[in-house]
Structure formats: structure tokens, C-alpha cells
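Comments concern the structure below.
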Amino acid sequence: MRNLSLIWVLALVIAPHLLLAQSGAIARPRRSTPIPEKVEGQRGGLIQVGLGGYQPSGAWTHRFGSMLDVQASYSLLNGATLIGLDLGSLYSSQVKNMSDVLNFLLTPEGEILSNDGSYGSLRIEMRGWQMGGHIGQRYPLNPLGSAKSTWYWKVKGGVMQHKIAFMSSGGVPMLAAPYTYGMDELRRGPFVSEELGFLHLGRIAPHFALSLVAFQGYMLPIRGYSFTLQGPTTAAQWDAGWGIRATWILPMLQEKSAIRFYY
């Protein structure tokens, strides 16, 4: 009986292998291999959050100082090519030459009175945003084409807007809507941006980019009247800026997959 049991066990083990051998190739399960490490082999998406600063130029130099730049973007990566969407905000606490805007609200002592007759406080900021799309290209720094360290360029285009924001305490009537609409210098228009930088996509985090950035915007006045000019305003102006940006990157790259056959 023991011999008979042993024969049955051997038959159950050997028989399936004989049948598979007669059928030809054996397909192993699909298994993942590492993410491609060369520029031309990478596919997928990049989620990016950047923080930087601009120094204004053009017409902006009369009104604003240095600006903070916060950007969020998503790029489709196809080898060396980058295509994606961007959304960002601009902020500055340095608003210059406001006396020509607020002179009519000031007392002879240079203060602003609130509703109850006390002196009111006022904080003035620049706030803006940019929205658009970009296209770019990567170039490996390593002669073997490694994607770990590359330099890249991007060109971006879209729409931007900026205005002066007034925040007062004590209830100053002329510093509340709709009166501020004649003082906030709201402008909106098309812009283009250029970016040149270094991009790091290693095998492990962190993944990041460091870049030089510049932009130029053709800004049109949105309000029909300006207290500063004491009349209607229709003149467009060129607003520009340049600066640096550091960007954190979350890569979502496709892995290679392979089916191996054995005979």
C-alpha cells in the first residue's frame, strides 16, 4: 500500500509538467521592472509645486516691489518632451507711490479717519494670478542619456491678472467696495513666460527642479475709471518680471512590463 501511495503522488506531480511541455512555451506572470532611467524611455506625469520670487520690471517698477511666486503645475512626460498646465499666484507687500491714490482720503496730518472719528489702519498689498499651459524639452547632462540629472527649458503662455488690495480697520467707507474699484488698478491680459533650469529625477526622493524664470504681460485696465488719473483709463501697459524658483516634484512614471517565455 505504501508503494502504491508513492506511485500516485509521483504521478500527480509529474503529469502536469509533461502536459505543459507538450503544449510548447510556458508564459510566466507579467512582472514589473524598474522605471526607465534614460530620458527617452520615461513616460508618465509630473505633479509640481514651486515657490520663488520675481523682481518687477517694466511699468510695474513704479507701483510694486519684489513679489512672491507660488506655482502648481502638471506635466505630461513623453521622453524628453514636457507638455502641461500651470496655475499660480503672485503676491507683494511692497506697494509704492500710494500717495497719489490715497491723497484725497488723508487728513492734513497724513492719517485716515474711520466712521467713529478715530484713526483707521490700512494695509495695502498686490495680489495676482497666472493661468496657462506650457511646452518644454529636457536634455541629459550625462553622455549616457541618464534621466537623473537634466537641464530643461519651458515656454508658457496664458492669462494673468493683478490688482491692489486694501485691508482697513475701523470702517473707512471709501476703502470698501465699490469705492475701491476706482483705486485697485485691476488689470488683466495675455502673458508669456520663459523658464530655464535643472531637473533631478532620481531613483529615490527628493525630486526637484531649480530654474530661472521671466515673464512679460500685456495688461489691459478692467475698471472704467481711475481715481488716480481722475478720469477714464483705457491705456494698456507692459508688465514684466524675472526671478528664480525651486520646485518639488512628484513623478508618476510608467513602469516597463514584460512577459518572459521559457521553452
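By convention here, the chains of the C-alpha cells are called A, B, ... in the order presented, each chain's residues are numbered starting at 1, and ligands are numbered starting at 1 in the order presented.
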message: Give me the residues near A:Gly217 as a ChimeraX atom specification, where near means some atom within 9 Å (using only C-alpha atoms) and where sequence neighbours in that chain fewer than 2 positions away do not count.
response: /A:159-160,188-193,215,219,237-240
Could you take the residues named above and write them with N, CA and C atoms, as a PDB file, in the first residue's frame?
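So the final result, stored in result.pdb, reads:
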ATOM      1  N   VAL A 159      -3.108  83.658 -19.385  1.00  0.00           N
ATOM      2  CA  VAL A 159      -3.740  84.899 -18.940  1.00  0.00           C
ATOM      3  C   VAL A 159      -3.283  85.193 -17.517  1.00  0.00           C
ATOM      4  N   MET A 160      -3.030  86.463 -17.222  1.00  0.00           N
ATOM      5  CA  MET A 160      -2.675  86.857 -15.866  1.00  0.00           C
ATOM      6  C   MET A 160      -3.495  88.062 -15.435  1.00  0.00           C
ATOM      7  N   ARG A 188      -5.785  92.936 -16.474  1.00  0.00           N
ATOM      8  CA  ARG A 188      -5.798  91.546 -16.918  1.00  0.00           C
ATOM      9  C   ARG A 188      -5.382  91.504 -18.385  1.00  0.00           C
ATOM     10  N   GLY A 189      -4.669  90.430 -18.764  1.00  0.00           N
ATOM     11  CA  GLY A 189      -4.248  90.325 -20.153  1.00  0.00           C
ATOM     12  C   GLY A 189      -3.408  89.092 -20.414  1.00  0.00           C
ATOM     13  N   PRO A 190      -3.009  88.882 -21.668  1.00  0.00           N
ATOM     14  CA  PRO A 190      -2.187  87.717 -22.019  1.00  0.00           C
ATOM     15  C   PRO A 190      -0.750  87.903 -21.569  1.00  0.00           C
ATOM     16  N   PHE A 191      -0.076  86.785 -21.338  1.00  0.00           N
ATOM     17  CA  PHE A 191       1.333  86.841 -20.951  1.00  0.00           C
ATOM     18  C   PHE A 191       2.063  85.636 -21.529  1.00  0.00           C
ATOM     19  N   VAL A 192       3.373  85.755 -21.604  1.00  0.00           N
ATOM     20  CA  VAL A 192       4.255  84.638 -21.963  1.00  0.00           C
ATOM     21  C   VAL A 192       5.344  84.558 -20.902  1.00  0.00           C
ATOM     22  N   SER A 193       5.838  83.350 -20.686  1.00  0.00           N
ATOM     23  CA  SER A 193       6.862  83.134 -19.679  1.00  0.00           C
ATOM     24  C   SER A 193       7.917  82.182 -20.220  1.00  0.00           C
ATOM     25  N   PHE A 215       8.864  86.618 -17.269  1.00  0.00           N
ATOM     26  CA  PHE A 215       7.568  86.700 -17.944  1.00  0.00           C
ATOM     27  C   PHE A 215       7.322  88.130 -18.407  1.00  0.00           C
ATOM     28  N   MET A 219      -1.009  94.079 -20.256  1.00  0.00           N
ATOM     29  CA  MET A 219      -2.082  94.206 -19.283  1.00  0.00           C
ATOM     30  C   MET A 219      -3.035  95.340 -19.639  1.00  0.00           C
ATOM     31  N   GLN A 237      -0.544  98.452 -20.677  1.00  0.00           N
ATOM     32  CA  GLN A 237       0.849  98.596 -20.279  1.00  0.00           C
ATOM     33  C   GLN A 237       1.521  97.230 -20.281  1.00  0.00           C
ATOM     34  N   TRP A 238       2.836  97.249 -20.436  1.00  0.00           N
ATOM     35  CA  TRP A 238       3.636  96.027 -20.383  1.00  0.00           C
ATOM     36  C   TRP A 238       4.158  95.847 -18.961  1.00  0.00           C
ATOM     37  N   ASP A 239       3.777  94.737 -18.329  1.00  0.00           N
ATOM     38  CA  ASP A 239       4.285  94.370 -17.007  1.00  0.00           C
ATOM     39  C   ASP A 239       5.175  93.152 -17.166  1.00  0.00           C
ATOM     40  N   ALA A 240       6.334  93.181 -16.543  1.00  0.00           N
ATOM     41  CA  ALA A 240       7.290  92.083 -16.700  1.00  0.00           C
ATOM     42  C   ALA A 240       7.971  91.804 -15.366  1.00  0.00           C
TER      43      ALA A 240
END
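The interatomic distance for the pair atom CA of A:Arg223 and atom CA of A:Arg187 works out to 8.0 Å.
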Can you tell me, as a JSON list (two decimals) with C-alpha atoms, in the first residue's frame, which residues in stretch 101-235 of chain A count as strand (DSSP E or B) by DSSP?
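Dumped to part_37.json:
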[["chain", "number", "residue", "atom", "x", "y", "z"],
["A", 106, "LEU", "CA", -5.81, 111.72, 4.11],
["A", 112, "ILE", "CA", -7.14, 108.19, 7.54],
["A", 113, "LEU", "CA", -10.27, 108.70, 9.63],
["A", 119, "TYR", "CA", -7.67, 107.00, 13.08],
["A", 120, "GLY", "CA", -8.06, 103.89, 10.96],
["A", 122, "LEU", "CA", -4.64, 100.37, 6.44],
["A", 123, "ARG", "CA", -2.65, 97.52, 4.88],
["A", 124, "ILE", "CA", -2.02, 97.53, 1.14],
["A", 125, "GLU", "CA", -0.88, 94.51, -0.93],
["A", 126, "MET", "CA", -0.55, 93.41, -4.53],
["A", 127, "ARG", "CA", -2.41, 90.23, -5.44],
["A", 128, "GLY", "CA", -2.48, 88.45, -8.76],
["A", 129, "TRP", "CA", -2.63, 85.14, -10.58],
["A", 130, "GLN", "CA", -1.41, 83.43, -13.72],
["A", 131, "MET", "CA", -3.08, 80.58, -15.61],
["A", 132, "GLY", "CA", -1.90, 78.86, -18.77],
["A", 133, "GLY", "CA", -0.11, 75.96, -20.41],
["A", 134, "HIS", "CA", 3.49, 75.09, -21.16],
["A", 135, "ILE", "CA", 5.66, 73.08, -23.51],
["A", 136, "GLY", "CA", 9.30, 72.20, -22.95],
["A", 137, "GLN", "CA", 12.23, 69.88, -23.59],
["A", 138, "ARG", "CA", 14.76, 68.01, -21.41],
["A", 139, "TYR", "CA", 18.42, 67.33, -22.21],
["A", 140, "PRO", "CA", 20.54, 64.83, -20.22],
["A", 146, "SER", "CA", 20.56, 59.30, -17.83],
["A", 149, "SER", "CA", 20.12, 64.97, -13.98],
["A", 150, "THR", "CA", 18.88, 67.05, -16.92],
["A", 151, "TRP", "CA", 18.62, 70.67, -17.89],
["A", 152, "TYR", "CA", 15.41, 71.84, -19.46],
["A", 153, "TRP", "CA", 13.56, 74.78, -20.94],
["A", 154, "LYS", "CA", 9.87, 75.66, -20.90],
["A", 155, "VAL", "CA", 7.76, 78.25, -22.68],
["A", 156, "LYS", "CA", 4.45, 79.12, -21.09],
["A", 157, "GLY", "CA", 1.53, 81.24, -22.25],
["A", 158, "GLY", "CA", -1.84, 82.20, -20.82],
["A", 159, "VAL", "CA", -3.74, 84.90, -18.94],
["A", 160, "MET", "CA", -2.68, 86.86, -15.87],
["A", 161, "GLN", "CA", -4.32, 89.40, -13.56],
["A", 162, "HIS", "CA", -3.20, 91.68, -10.74],
["A", 163, "LYS", "CA", -4.64, 94.43, -8.54],
["A", 164, "ILE", "CA", -4.05, 96.45, -5.36],
["A", 165, "ALA", "CA", -5.86, 95.03, -2.31],
["A", 166, "PHE", "CA", -6.92, 97.34, 0.55],
["A", 167, "MET", "CA", -7.49, 96.00, 4.08],
["A", 168, "SER", "CA", -8.63, 98.62, 6.58],
["A", 187, "ARG", "CA", -5.53, 94.74, -14.91],
["A", 188, "ARG", "CA", -5.80, 91.55, -16.92],
["A", 189, "GLY", "CA", -4.25, 90.32, -20.15],
["A", 190, "PRO", "CA", -2.19, 87.72, -22.02],
["A", 191, "PHE", "CA", 1.33, 86.84, -20.95],
["A", 192, "VAL", "CA", 4.26, 84.64, -21.96],
["A", 193, "SER", "CA", 6.86, 83.13, -19.68],
["A", 194, "GLU", "CA", 10.29, 81.57, -20.23],
["A", 195, "GLU", "CA", 11.97, 79.10, -17.86],
["A", 196, "LEU", "CA", 15.44, 77.54, -17.93],
["A", 197, "GLY", "CA", 16.64, 75.20, -15.21],
["A", 198, "PHE", "CA", 17.99, 71.97, -13.75],
["A", 199, "LEU", "CA", 15.70, 68.97, -13.12],
["A", 200, "HIS", "CA", 16.51, 66.00, -10.87],
["A", 207, "HIS", "CA", 12.76, 65.01, -6.96],
["A", 208, "PHE", "CA", 13.13, 68.71, -7.65],
["A", 209, "ALA", "CA", 13.92, 71.49, -10.12],
["A", 210, "LEU", "CA", 15.78, 74.80, -9.83],
["A", 211, "SER", "CA", 15.15, 77.38, -12.52],
["A", 212, "LEU", "CA", 15.45, 80.95, -13.77],
["A", 213, "VAL", "CA", 12.10, 82.41, -14.80],
["A", 214, "ALA", "CA", 10.95, 85.52, -16.67],
["A", 215, "PHE", "CA", 7.57, 86.70, -17.94],
["A", 216, "GLN", "CA", 6.03, 89.55, -19.93],
["A", 217, "GLY", "CA", 2.35, 90.54, -19.82],
["A", 218, "TYR", "CA", 0.29, 92.92, -21.97],
["A", 219, "MET", "CA", -2.08, 94.21, -19.28],
["A", 220, "LEU", "CA", -5.37, 95.93, -20.04],
["A", 221, "PRO", "CA", -7.30, 98.05, -17.49],
["A", 226, "SER", "CA", -9.34, 105.63, -12.07],
["A", 231, "GLY", "CA", -10.94, 110.03, -15.28]]
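What separates atom CA of A:Ala80 from atom CA of A:Leu46 is a distance of 12.8 Å.
Of the listed residues A:Gly53, A:Gly45, A:Pro206, A:Gly224, the one whose atoms come nearest to A:Asp184 is A:Gly224, with distances taken using only C-alpha atoms.
Between atom CA of A:Gln94 and atom CA of A:Leu51 there is a distance of 18.2 Å.
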Write out as a Markdown table the residues of stretch 86-166 of chain A that have any atom within 7 Å of an atom of stretch 63-75 of chain A, one row each with the nearest atom pair and its distance in Å to one decimal, counting only C-alpha atoms, sorted by chain and then rising number.
| residue | atom | partner | partner_atom | distance |
| --- | --- | --- | --- | --- |
| A:Asp86 | CA | A:Ser73 | CA | 4.3 |
| A:Leu87 | CA | A:Ala72 | CA | 5.4 |
| A:Gly88 | CA | A:Gln71 | CA | 4.1 |
| A:Ser89 | CA | A:Val70 | CA | 5.4 |
| A:Leu90 | CA | A:Asp69 | CA | 5.0 |
| A:Tyr91 | CA | A:Leu68 | CA | 5.1 |
| A:Ser92 | CA | A:Met67 | CA | 4.6 |
| A:Gln94 | CA | A:Gly65 | CA | 4.9 |
| A:Val95 | CA | A:Phe64 | CA | 4.7 |
| A:Lys96 | CA | A:Arg63 | CA | 4.8 |
| A:Asn97 | CA | A:Arg63 | CA | 6.3 |
Suppose we keep N, CA and C atoms; can you now write the selection as a compact mmCIF listing (two decimals), in the first residue's frame?
# COMPACT_ATOMS: atom_id res chain seq x y z
N ASP A 86 -0.55 75.06 -15.98
CA ASP A 86 0.01 75.78 -14.84
C ASP A 86 -1.05 76.69 -14.22
N LEU A 87 -0.96 76.83 -12.91
CA LEU A 87 -1.79 77.78 -12.18
C LEU A 87 -0.93 78.36 -11.06
N GLY A 88 -0.87 79.69 -10.97
CA GLY A 88 0.00 80.30 -9.98
C GLY A 88 -0.58 81.58 -9.42
N SER A 89 0.03 82.03 -8.33
CA SER A 89 -0.39 83.28 -7.69
C SER A 89 0.82 84.17 -7.47
N LEU A 90 0.57 85.47 -7.47
CA LEU A 90 1.59 86.48 -7.23
C LEU A 90 1.18 87.32 -6.03
N TYR A 91 2.15 87.68 -5.21
CA TYR A 91 1.85 88.46 -4.01
C TYR A 91 3.02 89.40 -3.72
N SER A 92 2.70 90.61 -3.28
CA SER A 92 3.72 91.55 -2.86
C SER A 92 3.16 92.43 -1.75
N GLN A 94 4.97 95.04 -0.96
CA GLN A 94 5.63 96.31 -1.27
C GLN A 94 4.87 97.03 -2.37
N VAL A 95 3.98 97.91 -1.96
CA VAL A 95 3.21 98.73 -2.91
C VAL A 95 3.69 100.17 -2.75
N LYS A 96 4.22 100.73 -3.84
CA LYS A 96 4.90 102.02 -3.77
C LYS A 96 4.03 103.15 -4.33
N ASN A 97 4.39 104.38 -3.95
CA ASN A 97 3.78 105.59 -4.50
C ASN A 97 2.27 105.60 -4.36
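Nearest-residue note for A:Pro143: choosing from A:Val39, A:Trp60, A:Gly50, A:Thr247, the minimum distance belongs to A:Val39, counting only C-alpha atoms.
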query: Which is closest to A:Glu37 among A:Pro178, A:Gly52, A:Gly202, A:Gly243, if we use only C-alpha atoms?
result: A:Gly202
